[in-house]
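Just model-v7.cif here, mmCIF, N, CA and C atoms:
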```cif
data_upload
#
loop_
_atom_site.label_atom_id
_atom_site.label_comp_id
_atom_site.auth_asym_id
_atom_site.auth_seq_id
_atom_site.Cartn_x
_atom_site.Cartn_y
_atom_site.Cartn_z
N MET Q 1 13.00 -17.35 -24.96
CA MET Q 1 13.79 -17.11 -26.14
C MET Q 1 15.09 -16.43 -25.74
N GLU Q 2 16.04 -17.22 -25.40
CA GLU Q 2 17.33 -16.68 -24.95
C GLU Q 2 18.35 -16.78 -26.08
N PHE Q 3 19.14 -15.73 -26.21
CA PHE Q 3 20.23 -15.73 -27.18
C PHE Q 3 21.31 -16.67 -26.69
N LYS Q 4 21.66 -17.67 -27.51
CA LYS Q 4 22.62 -18.69 -27.08
C LYS Q 4 24.00 -18.48 -27.71
N GLY Q 5 24.16 -17.39 -28.44
CA GLY Q 5 25.45 -17.09 -29.06
C GLY Q 5 26.38 -16.40 -28.07
N THR Q 6 27.49 -15.90 -28.57
CA THR Q 6 28.46 -15.19 -27.74
C THR Q 6 27.81 -13.92 -27.19
N LYS Q 7 27.77 -13.79 -25.86
CA LYS Q 7 27.01 -12.73 -25.22
C LYS Q 7 27.75 -11.40 -25.10
N ASP Q 8 29.04 -11.39 -25.29
CA ASP Q 8 29.79 -10.13 -25.21
C ASP Q 8 29.36 -9.19 -26.32
N LYS Q 9 29.71 -7.90 -26.15
CA LYS Q 9 29.54 -6.98 -27.27
C LYS Q 9 30.49 -7.43 -28.36
N TRP Q 10 30.07 -7.28 -29.58
CA TRP Q 10 30.90 -7.66 -30.72
C TRP Q 10 31.46 -6.41 -31.37
N HIS Q 11 32.55 -6.57 -32.10
CA HIS Q 11 33.09 -5.47 -32.90
C HIS Q 11 33.84 -6.03 -34.10
N VAL Q 12 34.12 -5.15 -35.03
CA VAL Q 12 34.90 -5.56 -36.18
C VAL Q 12 36.34 -5.69 -35.71
N LEU Q 13 36.87 -6.91 -35.77
CA LEU Q 13 38.22 -7.17 -35.25
C LEU Q 13 39.30 -6.70 -36.21
N LYS Q 14 39.10 -6.96 -37.50
CA LYS Q 14 40.15 -6.60 -38.44
C LYS Q 14 39.59 -6.55 -39.85
N ILE Q 15 40.25 -5.79 -40.63
CA ILE Q 15 40.01 -5.81 -42.08
C ILE Q 15 41.36 -6.15 -42.69
N ASP Q 16 41.44 -7.33 -43.26
CA ASP Q 16 42.70 -7.82 -43.82
C ASP Q 16 42.77 -7.37 -45.27
N LEU Q 17 43.71 -6.51 -45.59
CA LEU Q 17 43.81 -5.97 -46.94
C LEU Q 17 44.91 -6.60 -47.77
N SER Q 18 45.36 -7.80 -47.37
CA SER Q 18 46.35 -8.52 -48.17
C SER Q 18 45.66 -9.13 -49.39
N ASP Q 19 46.31 -10.04 -50.07
CA ASP Q 19 45.69 -10.70 -51.22
C ASP Q 19 44.43 -11.45 -50.82
N TYR Q 20 44.37 -11.90 -49.60
CA TYR Q 20 43.23 -12.63 -49.07
C TYR Q 20 42.34 -11.61 -48.35
N LYS Q 21 41.27 -11.16 -48.98
CA LYS Q 21 40.43 -10.08 -48.46
C LYS Q 21 39.38 -10.66 -47.51
N SER Q 22 39.34 -10.11 -46.30
CA SER Q 22 38.37 -10.61 -45.33
C SER Q 22 38.09 -9.58 -44.25
N ILE Q 23 36.95 -9.76 -43.59
CA ILE Q 23 36.58 -8.97 -42.43
C ILE Q 23 36.16 -9.97 -41.36
N SER Q 24 36.62 -9.76 -40.13
CA SER Q 24 36.23 -10.62 -39.02
C SER Q 24 35.46 -9.81 -37.99
N ILE Q 25 34.49 -10.44 -37.37
CA ILE Q 25 33.73 -9.84 -36.29
C ILE Q 25 33.95 -10.72 -35.08
N GLY Q 26 34.19 -10.10 -33.94
CA GLY Q 26 34.46 -10.92 -32.77
C GLY Q 26 34.21 -10.20 -31.48
N SER Q 27 34.53 -10.90 -30.41
CA SER Q 27 34.37 -10.39 -29.06
C SER Q 27 35.64 -9.67 -28.63
N PRO Q 28 35.52 -8.42 -28.16
CA PRO Q 28 36.72 -7.71 -27.73
C PRO Q 28 37.31 -8.25 -26.44
N ILE Q 29 36.53 -8.99 -25.67
CA ILE Q 29 37.01 -9.52 -24.40
C ILE Q 29 38.08 -10.59 -24.61
N ASN Q 30 37.84 -11.50 -25.55
CA ASN Q 30 38.82 -12.56 -25.78
C ASN Q 30 39.28 -12.64 -27.24
N ASN Q 31 38.90 -11.64 -28.04
CA ASN Q 31 39.21 -11.62 -29.47
C ASN Q 31 38.76 -12.89 -30.19
N LYS Q 32 37.73 -13.53 -29.66
CA LYS Q 32 37.16 -14.71 -30.31
C LYS Q 32 36.46 -14.29 -31.60
N VAL Q 33 36.80 -14.94 -32.70
CA VAL Q 33 36.15 -14.64 -33.97
C VAL Q 33 34.76 -15.28 -33.97
N ILE Q 34 33.75 -14.46 -34.21
CA ILE Q 34 32.37 -14.91 -34.23
C ILE Q 34 31.90 -15.13 -35.66
N CYS Q 35 32.35 -14.25 -36.53
CA CYS Q 35 31.94 -14.31 -37.93
C CYS Q 35 33.13 -13.88 -38.78
N HIS Q 36 33.37 -14.61 -39.84
CA HIS Q 36 34.47 -14.27 -40.74
C HIS Q 36 33.90 -14.22 -42.15
N MET Q 37 34.07 -13.09 -42.80
CA MET Q 37 33.57 -12.92 -44.16
C MET Q 37 34.74 -12.89 -45.12
N THR Q 38 34.76 -13.83 -46.05
CA THR Q 38 35.77 -13.85 -47.10
C THR Q 38 35.17 -13.14 -48.30
N LEU Q 39 35.91 -12.20 -48.85
CA LEU Q 39 35.38 -11.35 -49.91
C LEU Q 39 36.12 -11.61 -51.21
N GLY Q 40 35.38 -11.58 -52.29
CA GLY Q 40 36.00 -11.68 -53.60
C GLY Q 40 36.39 -10.29 -54.05
N GLY Q 41 37.66 -10.02 -54.21
CA GLY Q 41 38.10 -8.69 -54.61
C GLY Q 41 38.44 -7.84 -53.41
N SER Q 42 38.31 -6.54 -53.57
CA SER Q 42 38.72 -5.62 -52.51
C SER Q 42 37.60 -5.38 -51.51
N VAL Q 43 37.97 -4.99 -50.30
CA VAL Q 43 37.02 -4.62 -49.27
C VAL Q 43 36.50 -3.24 -49.61
N ASN Q 44 35.17 -3.08 -49.62
CA ASN Q 44 34.61 -1.76 -49.92
C ASN Q 44 33.71 -1.31 -48.76
N ASN Q 45 33.17 -0.11 -48.89
CA ASN Q 45 32.32 0.43 -47.81
C ASN Q 45 31.14 -0.46 -47.50
N THR Q 46 30.53 -1.05 -48.52
CA THR Q 46 29.39 -1.93 -48.28
C THR Q 46 29.79 -3.09 -47.37
N ASP Q 47 30.93 -3.69 -47.62
CA ASP Q 47 31.41 -4.80 -46.80
C ASP Q 47 31.63 -4.34 -45.36
N GLU Q 48 32.21 -3.16 -45.21
CA GLU Q 48 32.47 -2.65 -43.87
C GLU Q 48 31.16 -2.35 -43.13
N TYR Q 49 30.18 -1.79 -43.84
CA TYR Q 49 28.88 -1.53 -43.21
C TYR Q 49 28.16 -2.82 -42.87
N ASN Q 50 28.27 -3.84 -43.71
CA ASN Q 50 27.68 -5.14 -43.40
C ASN Q 50 28.31 -5.72 -42.13
N ALA Q 51 29.62 -5.60 -42.02
CA ALA Q 51 30.32 -6.09 -40.82
C ALA Q 51 29.89 -5.31 -39.59
N LEU Q 52 29.74 -4.00 -39.72
CA LEU Q 52 29.30 -3.18 -38.60
C LEU Q 52 27.90 -3.59 -38.15
N LEU Q 53 26.99 -3.81 -39.09
CA LEU Q 53 25.63 -4.24 -38.75
C LEU Q 53 25.64 -5.58 -38.03
N ILE Q 54 26.40 -6.53 -38.53
CA ILE Q 54 26.51 -7.84 -37.88
C ILE Q 54 27.06 -7.68 -36.46
N SER Q 55 28.04 -6.81 -36.30
CA SER Q 55 28.66 -6.64 -34.98
C SER Q 55 27.70 -6.03 -33.96
N LYS Q 56 26.67 -5.34 -34.41
CA LYS Q 56 25.70 -4.70 -33.50
C LYS Q 56 24.49 -5.59 -33.24
N ALA Q 57 24.41 -6.76 -33.87
CA ALA Q 57 23.25 -7.64 -33.74
C ALA Q 57 22.91 -8.01 -32.29
N PRO Q 58 23.87 -8.39 -31.45
CA PRO Q 58 23.50 -8.74 -30.07
C PRO Q 58 22.87 -7.57 -29.30
N GLU Q 59 23.42 -6.37 -29.49
CA GLU Q 59 22.87 -5.21 -28.79
C GLU Q 59 21.47 -4.88 -29.31
N MET Q 60 21.27 -5.02 -30.62
CA MET Q 60 19.94 -4.75 -31.18
C MET Q 60 18.93 -5.78 -30.69
N LEU Q 61 19.36 -7.03 -30.53
CA LEU Q 61 18.47 -8.07 -30.03
C LEU Q 61 18.05 -7.77 -28.59
N ILE Q 62 18.98 -7.33 -27.78
CA ILE Q 62 18.66 -6.96 -26.40
C ILE Q 62 17.67 -5.80 -26.38
N GLU Q 63 17.92 -4.78 -27.20
CA GLU Q 63 17.02 -3.63 -27.26
C GLU Q 63 15.63 -4.04 -27.75
N LEU Q 64 15.57 -4.96 -28.71
CA LEU Q 64 14.29 -5.45 -29.20
C LEU Q 64 13.52 -6.15 -28.09
N HIS Q 65 14.22 -6.96 -27.32
CA HIS Q 65 13.59 -7.65 -26.19
C HIS Q 65 13.06 -6.63 -25.18
N GLU Q 66 13.86 -5.61 -24.87
CA GLU Q 66 13.44 -4.56 -23.94
C GLU Q 66 12.22 -3.80 -24.48
N THR Q 67 12.20 -3.59 -25.79
CA THR Q 67 11.06 -2.90 -26.42
C THR Q 67 9.78 -3.71 -26.23
N VAL Q 68 9.86 -5.02 -26.38
CA VAL Q 68 8.68 -5.87 -26.19
C VAL Q 68 8.17 -5.74 -24.75
N ILE Q 69 9.06 -5.76 -23.79
CA ILE Q 69 8.67 -5.60 -22.39
C ILE Q 69 7.96 -4.26 -22.19
N ASP Q 70 8.55 -3.19 -22.70
CA ASP Q 70 7.96 -1.86 -22.56
C ASP Q 70 6.61 -1.76 -23.27
N LEU Q 71 6.50 -2.36 -24.47
CA LEU Q 71 5.23 -2.34 -25.20
C LEU Q 71 4.13 -3.07 -24.44
N LYS Q 72 4.49 -4.17 -23.78
CA LYS Q 72 3.48 -4.91 -23.00
C LYS Q 72 2.97 -4.06 -21.84
N ILE Q 73 3.86 -3.35 -21.18
CA ILE Q 73 3.45 -2.48 -20.07
C ILE Q 73 2.55 -1.37 -20.61
N LEU Q 74 2.97 -0.74 -21.66
CA LEU Q 74 2.19 0.33 -22.27
C LEU Q 74 0.85 -0.18 -22.78
N ARG Q 75 0.84 -1.35 -23.37
CA ARG Q 75 -0.39 -1.95 -23.88
C ARG Q 75 -1.40 -2.13 -22.77
N ASN Q 76 -0.96 -2.62 -21.62
CA ASN Q 76 -1.87 -2.82 -20.49
C ASN Q 76 -2.41 -1.48 -19.98
N GLN Q 77 -1.58 -0.47 -19.96
CA GLN Q 77 -2.05 0.85 -19.53
C GLN Q 77 -3.07 1.43 -20.50
N ILE Q 78 -2.82 1.25 -21.78
CA ILE Q 78 -3.75 1.74 -22.80
C ILE Q 78 -5.05 0.95 -22.78
N ALA Q 79 -4.95 -0.36 -22.52
CA ALA Q 79 -6.17 -1.17 -22.43
C ALA Q 79 -7.06 -0.66 -21.31
N ASP Q 80 -6.47 -0.31 -20.17
CA ASP Q 80 -7.24 0.25 -19.06
C ASP Q 80 -7.84 1.60 -19.45
N ALA Q 81 -7.05 2.43 -20.10
CA ALA Q 81 -7.54 3.76 -20.50
C ALA Q 81 -8.63 3.67 -21.55
N SER Q 82 -8.60 2.64 -22.39
CA SER Q 82 -9.60 2.52 -23.46
C SER Q 82 -10.99 2.20 -22.93
N LYS Q 83 -11.05 1.76 -21.68
CA LYS Q 83 -12.35 1.47 -21.06
C LYS Q 83 -13.14 2.74 -20.80
N THR Q 84 -12.43 3.84 -20.59
CA THR Q 84 -13.10 5.11 -20.26
C THR Q 84 -12.84 6.21 -21.26
N ASN Q 85 -11.92 6.01 -22.19
CA ASN Q 85 -11.59 7.05 -23.16
C ASN Q 85 -11.65 6.47 -24.56
N HIS Q 86 -12.61 6.96 -25.36
CA HIS Q 86 -12.81 6.41 -26.70
C HIS Q 86 -11.60 6.64 -27.62
N LEU Q 87 -10.71 7.57 -27.29
CA LEU Q 87 -9.53 7.82 -28.12
C LEU Q 87 -8.57 6.63 -28.14
N PHE Q 88 -8.67 5.76 -27.15
CA PHE Q 88 -7.77 4.62 -27.05
C PHE Q 88 -8.37 3.32 -27.62
N ILE Q 89 -9.61 3.39 -28.07
CA ILE Q 89 -10.26 2.18 -28.60
C ILE Q 89 -9.48 1.69 -29.82
N GLY Q 90 -9.20 0.40 -29.85
CA GLY Q 90 -8.47 -0.23 -30.95
C GLY Q 90 -6.95 -0.22 -30.78
N MET Q 91 -6.46 0.61 -29.90
CA MET Q 91 -5.01 0.68 -29.72
C MET Q 91 -4.40 -0.56 -29.07
N PRO Q 92 -5.08 -1.19 -28.10
CA PRO Q 92 -4.49 -2.43 -27.54
C PRO Q 92 -4.27 -3.50 -28.62
N GLU Q 93 -5.21 -3.63 -29.55
CA GLU Q 93 -5.06 -4.63 -30.62
C GLU Q 93 -3.91 -4.25 -31.55
N LEU Q 94 -3.77 -2.97 -31.83
CA LEU Q 94 -2.65 -2.50 -32.64
C LEU Q 94 -1.33 -2.83 -31.95
N MET Q 95 -1.27 -2.59 -30.66
CA MET Q 95 -0.05 -2.88 -29.91
C MET Q 95 0.22 -4.37 -29.83
N ASP Q 96 -0.85 -5.18 -29.75
CA ASP Q 96 -0.67 -6.63 -29.79
C ASP Q 96 0.03 -7.05 -31.08
N ASN Q 97 -0.35 -6.43 -32.19
CA ASN Q 97 0.30 -6.73 -33.48
C ASN Q 97 1.77 -6.33 -33.45
N TRP Q 98 2.07 -5.17 -32.89
CA TRP Q 98 3.47 -4.73 -32.78
C TRP Q 98 4.27 -5.73 -31.96
N ILE Q 99 3.71 -6.10 -30.82
CA ILE Q 99 4.38 -7.03 -29.91
C ILE Q 99 4.60 -8.37 -30.59
N GLU Q 100 3.58 -8.87 -31.27
CA GLU Q 100 3.68 -10.17 -31.95
C GLU Q 100 4.78 -10.15 -33.01
N ARG Q 101 4.87 -9.07 -33.79
CA ARG Q 101 5.92 -8.98 -34.82
C ARG Q 101 7.31 -8.95 -34.19
N LYS Q 102 7.47 -8.22 -33.10
CA LYS Q 102 8.77 -8.16 -32.42
C LYS Q 102 9.14 -9.52 -31.84
N GLN Q 103 8.15 -10.20 -31.23
CA GLN Q 103 8.41 -11.52 -30.65
C GLN Q 103 8.77 -12.53 -31.73
N GLN Q 104 8.14 -12.44 -32.88
CA GLN Q 104 8.46 -13.34 -33.98
C GLN Q 104 9.89 -13.12 -34.47
N LEU Q 105 10.30 -11.88 -34.55
CA LEU Q 105 11.66 -11.56 -34.97
C LEU Q 105 12.68 -12.08 -33.95
N ILE Q 106 12.38 -11.91 -32.66
CA ILE Q 106 13.27 -12.44 -31.62
C ILE Q 106 13.36 -13.96 -31.74
N LYS Q 107 12.22 -14.60 -31.96
CA LYS Q 107 12.20 -16.07 -32.10
C LYS Q 107 13.06 -16.51 -33.29
N GLU Q 108 12.91 -15.82 -34.42
CA GLU Q 108 13.69 -16.17 -35.60
C GLU Q 108 15.19 -15.97 -35.39
N ALA Q 109 15.55 -15.00 -34.54
CA ALA Q 109 16.96 -14.71 -34.29
C ALA Q 109 17.58 -15.60 -33.21
N THR Q 110 16.74 -16.31 -32.45
CA THR Q 110 17.28 -17.09 -31.32
C THR Q 110 17.05 -18.59 -31.41
N GLU Q 111 16.29 -19.02 -32.41
CA GLU Q 111 16.04 -20.46 -32.54
C GLU Q 111 16.60 -20.97 -33.85
N LEU Q 112 17.27 -22.10 -33.81
CA LEU Q 112 17.83 -22.72 -35.04
C LEU Q 112 16.76 -23.50 -35.76
#
```
Spit out the file's structure as structure tokens when you get a sec.
Amino acid sequence: MEFKGTKDKWHVLKIDLSDYKSISIGSPINNKVICHMTLGGSVNNTDEYNALLISKAPEMLIELHETVIDLKILRNQIADASKTNHLFIGMPELMDNWIERKQQLIKEATEL
């Protein structure tokens, strides 16, 4: 499940406050516009926060992928510990559910 979009960090490129209200999100390396939001009326804080969230999506996807890797390592360690320590019983299955939900979200974000 590889991200096939623009791999650079994204940022809010501009907020156009002329009669044509819009926010663009793009790559700072080449100023390539990745997402352009046309707004009806004036730009408000909600629009700016939406743009900020969209601009952080690639970094969050990478962190989510890293979290899955870390959870798998931790899950295996807990599975071993659960063989000798009753406090860990049921935790591997719980972690499997966490991992599955994260993997499903990554799949939804990377497949058309």
Using all atoms listed in the file and a cutoff of 8 Å, can you tell me which residues are near (26.0, -0.9, -30.7) in the file's coordinates, and write them out as a PyMOL selection string? chain Q and resi 9-10+55-60
As a check of understanding, name the residues that the PyMOL selection byres ((chain Q and resi 26) around 6.5) selects in the supplied structure, as an mmCIF file with N, CA and C atoms, in the coordinates of the input.
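Written out: out06.cif:
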```
data_model
loop_
_atom_site.group_PDB
_atom_site.id
_atom_site.type_symbol
_atom_site.label_atom_id
_atom_site.label_comp_id
_atom_site.auth_asym_id
_atom_site.auth_seq_id
_atom_site.Cartn_x
_atom_site.Cartn_y
_atom_site.Cartn_z
ATOM 1 N N LYS Q 9 29.710 -7.900 -26.150
ATOM 2 C CA LYS Q 9 29.540 -6.980 -27.270
ATOM 3 C C LYS Q 9 30.490 -7.430 -28.360
ATOM 4 N N TRP Q 10 30.070 -7.280 -29.580
ATOM 5 C CA TRP Q 10 30.900 -7.660 -30.720
ATOM 6 C C TRP Q 10 31.460 -6.410 -31.370
ATOM 7 N N HIS Q 11 32.550 -6.570 -32.100
ATOM 8 C CA HIS Q 11 33.090 -5.470 -32.900
ATOM 9 C C HIS Q 11 33.840 -6.030 -34.100
ATOM 10 N N VAL Q 12 34.120 -5.150 -35.030
ATOM 11 C CA VAL Q 12 34.900 -5.560 -36.180
ATOM 12 C C VAL Q 12 36.340 -5.690 -35.710
ATOM 13 N N LEU Q 13 36.870 -6.910 -35.770
ATOM 14 C CA LEU Q 13 38.220 -7.170 -35.250
ATOM 15 C C LEU Q 13 39.300 -6.700 -36.210
ATOM 16 N N SER Q 24 36.620 -9.760 -40.130
ATOM 17 C CA SER Q 24 36.230 -10.620 -39.020
ATOM 18 C C SER Q 24 35.460 -9.810 -37.990
ATOM 19 N N ILE Q 25 34.490 -10.440 -37.370
ATOM 20 C CA ILE Q 25 33.730 -9.840 -36.290
ATOM 21 C C ILE Q 25 33.950 -10.720 -35.080
ATOM 22 N N SER Q 27 34.530 -10.900 -30.410
ATOM 23 C CA SER Q 27 34.370 -10.390 -29.060
ATOM 24 C C SER Q 27 35.640 -9.670 -28.630
ATOM 25 N N PRO Q 28 35.520 -8.420 -28.160
ATOM 26 C CA PRO Q 28 36.720 -7.710 -27.730
ATOM 27 C C PRO Q 28 37.310 -8.250 -26.440
ATOM 28 N N ILE Q 29 36.530 -8.990 -25.670
ATOM 29 C CA ILE Q 29 37.010 -9.520 -24.400
ATOM 30 C C ILE Q 29 38.080 -10.590 -24.610
ATOM 31 N N ASN Q 31 38.900 -11.640 -28.040
ATOM 32 C CA ASN Q 31 39.210 -11.620 -29.470
ATOM 33 C C ASN Q 31 38.760 -12.890 -30.190
ATOM 34 N N LYS Q 32 37.730 -13.530 -29.660
ATOM 35 C CA LYS Q 32 37.160 -14.710 -30.310
ATOM 36 C C LYS Q 32 36.460 -14.290 -31.600
ATOM 37 N N VAL Q 33 36.800 -14.940 -32.700
ATOM 38 C CA VAL Q 33 36.150 -14.640 -33.970
ATOM 39 C C VAL Q 33 34.760 -15.280 -33.970
ATOM 40 N N ILE Q 34 33.750 -14.460 -34.210
ATOM 41 C CA ILE Q 34 32.370 -14.910 -34.230
ATOM 42 C C ILE Q 34 31.900 -15.130 -35.660
ATOM 43 N N CYS Q 35 32.350 -14.250 -36.530
ATOM 44 C CA CYS Q 35 31.940 -14.310 -37.930
ATOM 45 C C CYS Q 35 33.130 -13.880 -38.780
#
```
Between Q:Met37, Q:Leu53, Q:Ile89, Q:Ile99, single out the one closest to Leu71 in chain Q, counting all atoms listed in the file. Q:Ile99
All residues 8 Å or closer to range 108-112 of chain Q, all atoms listed in the file, same chain fewer than 5 positions away omitted, as a ChimeraX atom specification: /Q:1-5,102-103
From the options Q:Asp47, Q:Val68, Q:Leu39, Q:Ile23, which residue's atoms come nearest to Leu105 in chain Q, counting only C-alpha atoms?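 Of Q:Asp47, Q:Val68, Q:Leu39, Q:Ile23, the one nearest Leu105 in chain Q, counting only C-alpha atoms, is Q:Val68.
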Quick one: DSSP helix (DSSP H, G or I) residues in chain Q, as JSON, numbers by chain? {"Q": [45, 46, 47, 48, 49, 50, 51, 52, 53, 54, 55, 57, 58, 59, 60, 61, 62, 63, 64, 65, 66, 67, 68, 69, 70, 71, 72, 73, 74, 75, 76, 77, 78, 79, 80, 81, 82, 86, 87, 88, 91, 92, 93, 94, 95, 96, 97, 98, 99, 100, 101, 102, 103, 104, 105, 106, 107, 108, 109, 110]}
How many Å separate CA of Leu74 in chain Q from CA of Lys107 in chain Q?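 Result for CA of Leu74 in chain Q versus CA of Lys107 in chain Q: 21.6 Å, one decimal.
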Spatial neighbours of range 76-80 of chain Q, max dist 7 Å, only N, CA and C atoms, sep filter under 5 positions, as a list of chain:residue names: Q:Leu71, Q:Asn85, Q:Phe88, Q:Met91, Q:Pro92
Separating CA of Thr6 in chain Q from CA of Asp70 in chain Q, to the nearest tenth of an Å, is a gap of 25.0 Å
Using Å and a single decimal, report how far CA of Ile73 in chain Q sits from CA of Arg101 in chain Q.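 Those two atoms sit 16.3 Å apart.
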